[in-house]
>>> print(open('final05.tsv').read())   # TSV, C-alpha atoms and all ligand atoms
chain	number	residue	atom	x	y	z
R	1	MET	CA	10.19	-50.98	-34.01
R	2	LYS	CA	8.27	-47.93	-35.10
R	3	ILE	CA	8.27	-44.18	-34.36
R	4	ASP	CA	5.54	-41.98	-35.86
R	5	VAL	CA	5.56	-38.19	-35.69
R	6	PHE	CA	2.54	-36.01	-36.44
R	7	PHE	CA	3.47	-32.37	-37.15
R	8	THR	CA	-0.05	-31.30	-36.14
R	9	PRO	CA	-2.90	-33.28	-34.57
R	10	LEU	CA	-5.01	-32.62	-37.69
R	11	GLY	CA	-3.98	-35.88	-39.35
R	12	LEU	CA	-5.23	-37.97	-36.45
R	13	ASN	CA	-8.36	-40.05	-36.90
R	14	ALA	CA	-10.55	-41.42	-34.12
R	15	GLY	CA	-8.94	-44.56	-32.75
R	16	ASP	CA	-5.48	-43.86	-34.25
R	17	LEU	CA	-3.95	-43.58	-30.79
R	18	THR	CA	-5.97	-46.12	-28.85
R	19	GLY	CA	-3.67	-47.93	-26.46
R	20	ARG	CA	-0.50	-46.47	-28.03
R	21	ALA	CA	2.23	-44.68	-26.09
R	22	VAL	CA	2.06	-40.97	-27.01
R	23	VAL	CA	4.19	-37.91	-26.29
R	24	VAL	CA	2.70	-34.43	-26.85
R	25	ILE	CA	5.02	-31.49	-27.62
R	26	ASP	CA	4.25	-27.76	-27.60
R	27	VAL	CA	7.45	-26.26	-26.27
R	28	LEU	CA	6.44	-22.63	-27.06
R	29	ARG	CA	4.67	-22.61	-24.71
R	30	ALA	CA	1.85	-24.87	-23.53
R	31	THR	CA	3.79	-27.99	-22.54
R	32	SER	CA	6.53	-25.84	-20.94
R	33	THR	CA	3.84	-24.09	-18.93
R	34	ILE	CA	2.28	-27.38	-17.82
R	35	VAL	CA	5.59	-28.90	-16.71
R	36	THR	CA	6.45	-25.71	-14.81
R	37	ALA	CA	3.03	-25.44	-13.15
R	38	LEU	CA	3.18	-29.03	-11.89
R	39	SER	CA	6.74	-28.54	-10.65
R	40	ALA	CA	5.57	-25.43	-8.82
R	41	GLY	CA	3.04	-27.54	-6.91
R	42	ALA	CA	-0.14	-27.37	-9.00
R	43	LYS	CA	-2.29	-30.41	-8.14
R	44	ALA	CA	-3.19	-31.03	-11.75
R	45	VAL	CA	-3.66	-29.29	-15.09
R	46	VAL	CA	-6.86	-29.73	-17.08
R	47	PRO	CA	-6.28	-28.87	-20.75
R	48	ALA	CA	-9.29	-27.33	-22.48
R	49	ALA	CA	-9.99	-27.31	-26.21
R	50	SER	CA	-11.04	-23.64	-26.01
R	51	SER	CA	-11.37	-20.80	-23.51
R	52	GLU	CA	-15.15	-21.32	-23.54
R	53	GLU	CA	-14.64	-24.93	-22.55
R	54	ALA	CA	-12.28	-23.92	-19.72
R	55	VAL	CA	-14.91	-21.54	-18.36
R	56	ARG	CA	-17.63	-24.20	-18.68
R	57	LEU	CA	-15.53	-26.86	-16.93
R	58	THR	CA	-14.96	-24.56	-13.95
R	59	SER	CA	-18.43	-23.05	-13.69
R	60	ASN	CA	-19.59	-25.24	-10.78
R	61	LEU	CA	-16.25	-25.57	-9.00
R	62	GLU	CA	-15.12	-23.98	-5.75
R	63	ARG	CA	-13.15	-20.86	-6.85
R	64	ASN	CA	-10.33	-21.15	-4.35
R	65	GLY	CA	-9.21	-24.58	-5.60
R	66	ILE	CA	-8.78	-23.61	-9.24
R	67	VAL	CA	-6.93	-21.21	-11.50
R	68	LEU	CA	-8.05	-20.29	-15.01
R	69	ALA	CA	-5.12	-19.70	-17.37
R	70	GLY	CA	-4.58	-19.38	-21.08
R	71	GLU	CA	-3.83	-17.25	-24.07
R	72	ARG	CA	-5.28	-15.84	-27.24
R	73	ARG	CA	-2.71	-14.56	-29.70
R	74	MET	CA	-0.14	-15.19	-26.97
R	75	LEU	CA	-1.76	-12.81	-24.47
R	76	LYS	CA	-3.74	-13.55	-21.32
R	77	ILE	CA	-7.45	-14.11	-21.93
R	78	GLU	CA	-9.66	-11.44	-20.44
R	79	GLY	CA	-11.12	-12.57	-17.12
R	80	PHE	CA	-8.54	-15.35	-16.66
R	81	ALA	CA	-6.15	-15.16	-13.69
R	82	LEU	CA	-3.01	-16.15	-15.62
R	83	GLY	CA	-1.75	-16.25	-19.18
R	84	ASN	CA	0.26	-19.06	-20.77
R	85	SER	CA	3.70	-18.03	-19.61
R	86	PRO	CA	5.70	-20.65	-17.70
R	87	ARG	CA	7.23	-17.74	-15.78
R	88	GLU	CA	3.83	-17.05	-14.22
R	89	MET	CA	3.62	-20.58	-12.80
R	90	THR	CA	4.97	-20.21	-9.26
R	91	PRO	CA	4.10	-21.84	-5.92
R	92	GLU	CA	2.29	-18.59	-5.03
R	93	THR	CA	0.05	-18.59	-8.13
R	94	VAL	CA	-0.63	-22.30	-8.66
R	95	GLY	CA	0.53	-24.22	-5.55
R	96	GLY	CA	-2.15	-26.70	-4.40
R	97	LYS	CA	-4.55	-25.61	-7.18
R	98	THR	CA	-5.95	-27.26	-10.28
R	99	LEU	CA	-5.05	-25.24	-13.34
R	100	PHE	CA	-7.59	-25.09	-16.18
R	101	LEU	CA	-5.53	-24.15	-19.24
R	102	ALA	CA	-6.77	-23.07	-22.68
R	103	THR	CA	-4.24	-22.29	-25.43
R	104	THR	CA	-4.44	-21.96	-29.19
R	105	ASN	CA	-2.55	-25.08	-30.25
R	106	GLY	CA	-1.12	-26.94	-27.27
R	107	THR	CA	-4.16	-27.77	-25.21
R	108	PRO	CA	-6.27	-28.79	-28.25
R	109	ALA	CA	-3.39	-31.14	-29.22
R	110	LEU	CA	-3.52	-32.70	-25.77
R	111	VAL	CA	-7.28	-33.11	-25.99
R	112	ALA	CA	-6.81	-34.78	-29.40
R	113	ALA	CA	-4.24	-37.19	-27.89
R	114	GLN	CA	-6.65	-38.54	-25.29
R	115	GLY	CA	-6.89	-42.09	-26.64
R	116	GLY	CA	-3.19	-42.71	-26.01
R	117	ASP	CA	-1.98	-44.84	-23.15
R	118	PRO	CA	-0.01	-43.28	-21.62
R	119	VAL	CA	0.07	-39.68	-22.88
R	120	LEU	CA	3.28	-37.94	-21.74
R	121	VAL	CA	3.86	-34.18	-21.76
R	122	ALA	CA	7.25	-33.10	-23.15
R	123	ALA	CA	9.25	-29.88	-23.12
R	124	ALA	CA	12.93	-29.00	-23.20
R	125	LEU	CA	12.52	-28.20	-19.51
R	126	ASN	CA	11.90	-31.88	-18.65
R	127	PHE	CA	13.69	-33.35	-21.67
R	128	SER	CA	15.89	-36.03	-20.09
R	129	ALA	CA	13.15	-37.23	-17.74
R	130	VAL	CA	10.59	-37.57	-20.51
R	131	ALA	CA	13.13	-39.08	-22.94
R	132	GLU	CA	14.01	-41.78	-20.42
R	133	ARG	CA	10.34	-42.66	-19.85
R	134	ALA	CA	9.66	-42.64	-23.60
R	135	ARG	CA	12.66	-44.88	-24.20
R	136	THR	CA	11.41	-47.43	-21.69
R	137	LEU	CA	7.95	-47.40	-23.26
R	138	PHE	CA	9.46	-47.78	-26.74
R	139	ALA	CA	11.50	-50.78	-25.61
R	140	GLU	CA	8.43	-52.41	-24.02
R	141	ARG	CA	5.87	-51.64	-26.72
R	142	GLY	CA	8.04	-51.53	-29.83
R	143	GLU	CA	6.48	-48.25	-30.95
R	144	ILE	CA	5.79	-44.68	-29.89
R	145	VAL	CA	3.87	-41.72	-31.33
R	146	LEU	CA	5.07	-38.12	-31.01
R	147	ILE	CA	2.40	-35.45	-31.55
R	148	CYS	CA	3.56	-31.90	-32.23
R	149	ALA	CA	0.98	-29.21	-31.58
R	150	GLY	CA	1.89	-27.20	-34.69
R	151	ARG	CA	1.04	-23.53	-34.98
R	152	GLU	CA	-2.26	-22.36	-36.43
R	153	LYS	CA	-2.69	-25.83	-38.00
R	154	GLN	CA	0.75	-25.63	-39.69
R	155	PHE	CA	4.22	-27.07	-39.11
R	156	ALA	CA	6.09	-25.57	-36.13
R	157	LEU	CA	9.89	-25.75	-36.16
R	158	GLU	CA	10.46	-25.76	-32.40
R	159	ASN	CA	8.23	-28.78	-31.87
R	160	ALA	CA	9.66	-30.77	-34.78
R	161	TYR	CA	13.16	-30.03	-33.45
R	162	THR	CA	12.17	-31.34	-30.02
R	163	ALA	CA	10.61	-34.43	-31.64
R	164	GLY	CA	13.90	-35.04	-33.48
R	165	ARG	CA	15.89	-34.86	-30.26
R	166	LEU	CA	13.45	-37.23	-28.59
R	167	ILE	CA	13.72	-39.72	-31.45
R	168	LYS	CA	17.51	-39.62	-31.19
R	169	ALA	CA	17.31	-40.42	-27.47
R	170	VAL	CA	14.59	-43.06	-27.80
R	171	LYS	CA	16.11	-45.06	-30.65
R	172	LYS	CA	19.53	-45.36	-29.03
R	173	GLY	CA	20.80	-48.93	-29.38
R	174	VAL	CA	18.12	-50.01	-31.88
R	175	PRO	CA	19.75	-51.40	-35.06
R	176	PRO	CA	18.81	-49.18	-38.07
R	177	LYS	CA	17.38	-52.22	-39.88
R	178	LYS	CA	14.85	-52.74	-37.09
R	179	LEU	CA	13.72	-49.10	-36.97
R	180	MET	CA	10.75	-47.76	-38.95
R	181	LEU	CA	10.33	-43.98	-38.99
R	182	ASN	CA	7.46	-42.27	-40.79
R	183	ASP	CA	8.47	-39.37	-43.06
R	184	ALA	CA	7.76	-36.75	-40.38
R	185	ALA	CA	9.95	-38.64	-37.90
R	186	GLN	CA	12.78	-38.84	-40.44
R	187	VAL	CA	12.55	-35.09	-41.15
R	188	SER	CA	12.46	-34.28	-37.42
R	189	LEU	CA	15.60	-36.30	-36.87
R	190	ASP	CA	17.38	-34.52	-39.75
R	191	LEU	CA	16.22	-31.13	-38.44
R	192	ALA	CA	17.54	-31.82	-34.95
R	193	ALA	CA	20.89	-32.84	-36.45
R	194	GLN	CA	21.14	-29.64	-38.53
R	195	GLN	CA	20.00	-27.04	-35.99
R	196	GLY	CA	22.26	-25.94	-33.17
R	197	GLY	CA	21.16	-26.08	-29.54
R	198	TRP	CA	17.75	-25.56	-27.97
R	199	LEU	CA	17.83	-21.77	-27.92
R	200	ASP	CA	19.02	-21.45	-31.53
R	201	ALA	CA	16.31	-23.82	-32.73
R	202	PHE	CA	13.51	-22.26	-30.69
R	203	GLY	CA	14.74	-18.75	-31.51
R	204	ALA	CA	14.55	-19.47	-35.25
R	205	SER	CA	10.85	-20.34	-35.07
R	206	GLY	CA	7.87	-18.22	-36.05
R	207	ALA	CA	6.43	-18.71	-32.56
R	208	ALA	CA	9.54	-17.12	-31.02
R	209	GLN	CA	9.19	-14.16	-33.37
R	210	GLN	CA	5.53	-13.73	-32.40
R	211	LEU	CA	6.36	-13.94	-28.70
R	212	SER	CA	9.09	-11.36	-29.04
R	213	ASP	CA	6.70	-9.08	-31.00
R	214	VAL	CA	4.35	-9.01	-28.00
R	215	GLY	CA	7.15	-8.50	-25.46
R	216	LEU	CA	7.38	-12.13	-24.34
R	217	GLY	CA	10.81	-12.96	-25.75
R	218	GLU	CA	11.99	-13.93	-22.26
R	219	ASP	CA	9.63	-16.90	-22.41
R	220	VAL	CA	11.59	-18.34	-25.35
R	221	LYS	CA	14.77	-18.28	-23.28
R	222	PHE	CA	12.96	-19.80	-20.31
R	223	CYS	CA	11.47	-22.63	-22.40
R	224	ALA	CA	14.83	-23.39	-24.04
R	225	GLN	CA	16.49	-24.46	-20.77
R	226	PRO	CA	16.94	-28.24	-20.97
R	227	ASP	CA	16.53	-30.40	-17.89
R	228	LYS	CA	15.63	-27.63	-15.48
R	229	LEU	CA	12.82	-29.87	-14.18
R	230	HIS	CA	12.67	-33.60	-13.63
R	231	ILE	CA	9.02	-34.54	-13.75
R	232	VAL	CA	7.08	-36.45	-16.41
R	233	PRO	CA	3.50	-35.22	-16.52
R	234	VAL	CA	0.97	-37.85	-17.62
R	235	TYR	CA	-2.44	-37.02	-19.10
R	236	ALA	CA	-5.16	-39.45	-18.07
R	237	ASP	CA	-8.86	-39.16	-17.24
R	238	ARG	CA	-9.01	-35.59	-18.52
R	239	ARG	CA	-6.25	-34.27	-16.21
R	240	ILE	CA	-2.50	-34.01	-16.29
R	241	ALA	CA	-0.58	-34.85	-13.13
R	242	ALA	CA	3.10	-35.37	-12.39
N	1	LIG	C1	-0.32	-22.55	-28.04
N	1	LIG	O1	-0.85	-23.48	-27.42
N	1	LIG	O2	-0.72	-22.17	-29.13
N	1	LIG	C2	0.91	-21.87	-27.51
N	1	LIG	O3	1.34	-22.39	-26.36
N	1	LIG	C3	0.91	-20.40	-27.79
N	1	LIG	C4	1.59	-19.54	-26.78
N	1	LIG	O4	2.79	-19.28	-26.87
N	1	LIG	O5	0.96	-19.09	-25.85
>>> encode(input="final05.tsv", output="structure tokens")
Amino acid sequence: MKIDVFFTPLGLNAGDLTGRAVVVIDVLRATSTIVTALSAGAKAVVPAASSEEAVRLTSNLERNGIVLAGERRMLKIEGFALGNSPREMTPETVGGKTLFLATTNGTPALVAAQGGDPVLVAAALNFSAVAERARTLFAERGEIVLICAGREKQFALENAYTAGRLIKAVKKGVPPKKLMLNDAAQVSLDLAAQQGGWLDAFGASGAAQQLSDVGLGEDVKFCAQPDKLHIVPVYADRRIAA
């Protein structure tokens, strides 16, 4: 039984994920924002590879059914209704709407994961729900792939930590001799064992530092709340729904 982790989607080649069960992780903040938006009643979230793509995808759509959201350097994109803060995702802002979301690392990672079947969206916020679904898939398929969004094409601590915690939950009961972890999966598992809890691990990351530098430190605390939400968003046919 095999668990592969990718620290960024850059190492993925076309066809690598075809038909494989995939979990995408960008806890600070894209996947936390997606989970929160869907829990707040958004109909669906469409991840875009860039802000230009988000604008293009919405150009012919009825304005009152959609919300454009996203960030550049952590801050709301000019002309977009919302940024990429999960705290902005409320029934008032996104209820009944389709959210078109463009972020620096998270939404491109989702777009890169499209060949997977299924593609699950993971955050600390929905950790137990997503871990349970991933565990079932792992038992049925004998393998799972965890894709971390990374940060600016580099390793991101908060996502690797989350991957490590997921691996620990997913491999429960599998005899060590039957388990194959790629190197990134092994390191993620070790990292999760060494770091403290969610907030300590997220708080130690470069992303948390950047968020605090632009006055968004509260988002780190929000994203580090495990099991606040109980949905498992699934990305299929270009949209994510709960
Ligand atoms: C991203 O996708 O790069 C992040 O979610 C950045 C952010 O915190 O907005």
>>> residues_near_ligand(input="final05.tsv", ligand="ligand LIG 1 (chain N)", cutoff="9 Å", atoms="all atoms listed in the file", output="count of residues only")
37
>>> closest_residue(input="final05.tsv", among="R:Leu189, R:Val130, R:Leu229, R:Val46", to="Tyr161 (chain R)", atoms="all atoms listed in the file")
R:Leu189
>>> atom_distance(input="final05.tsv", atom1="CA of Gly197 (chain R)", atom2="CA of Ala242 (chain R)")
26.6 Å
>>> atom_distance(input="final05.tsv", atom1="CA of Arg165 (chain R)", atom2="CA of Ala21 (chain R)")
17.3 Å
>>> closest_residue(input="final05.tsv", among="R:Ala139, R:Ala160, R:Leu191, R:Leu181", to="Phe7 (chain R)", atoms="all atoms listed in the file")
R:Ala160
>>> atom_distance(input="final05.tsv", atom1="CA of Thr93 (chain R)", atom2="CA of Ser59 (chain R)")
19.8 Å
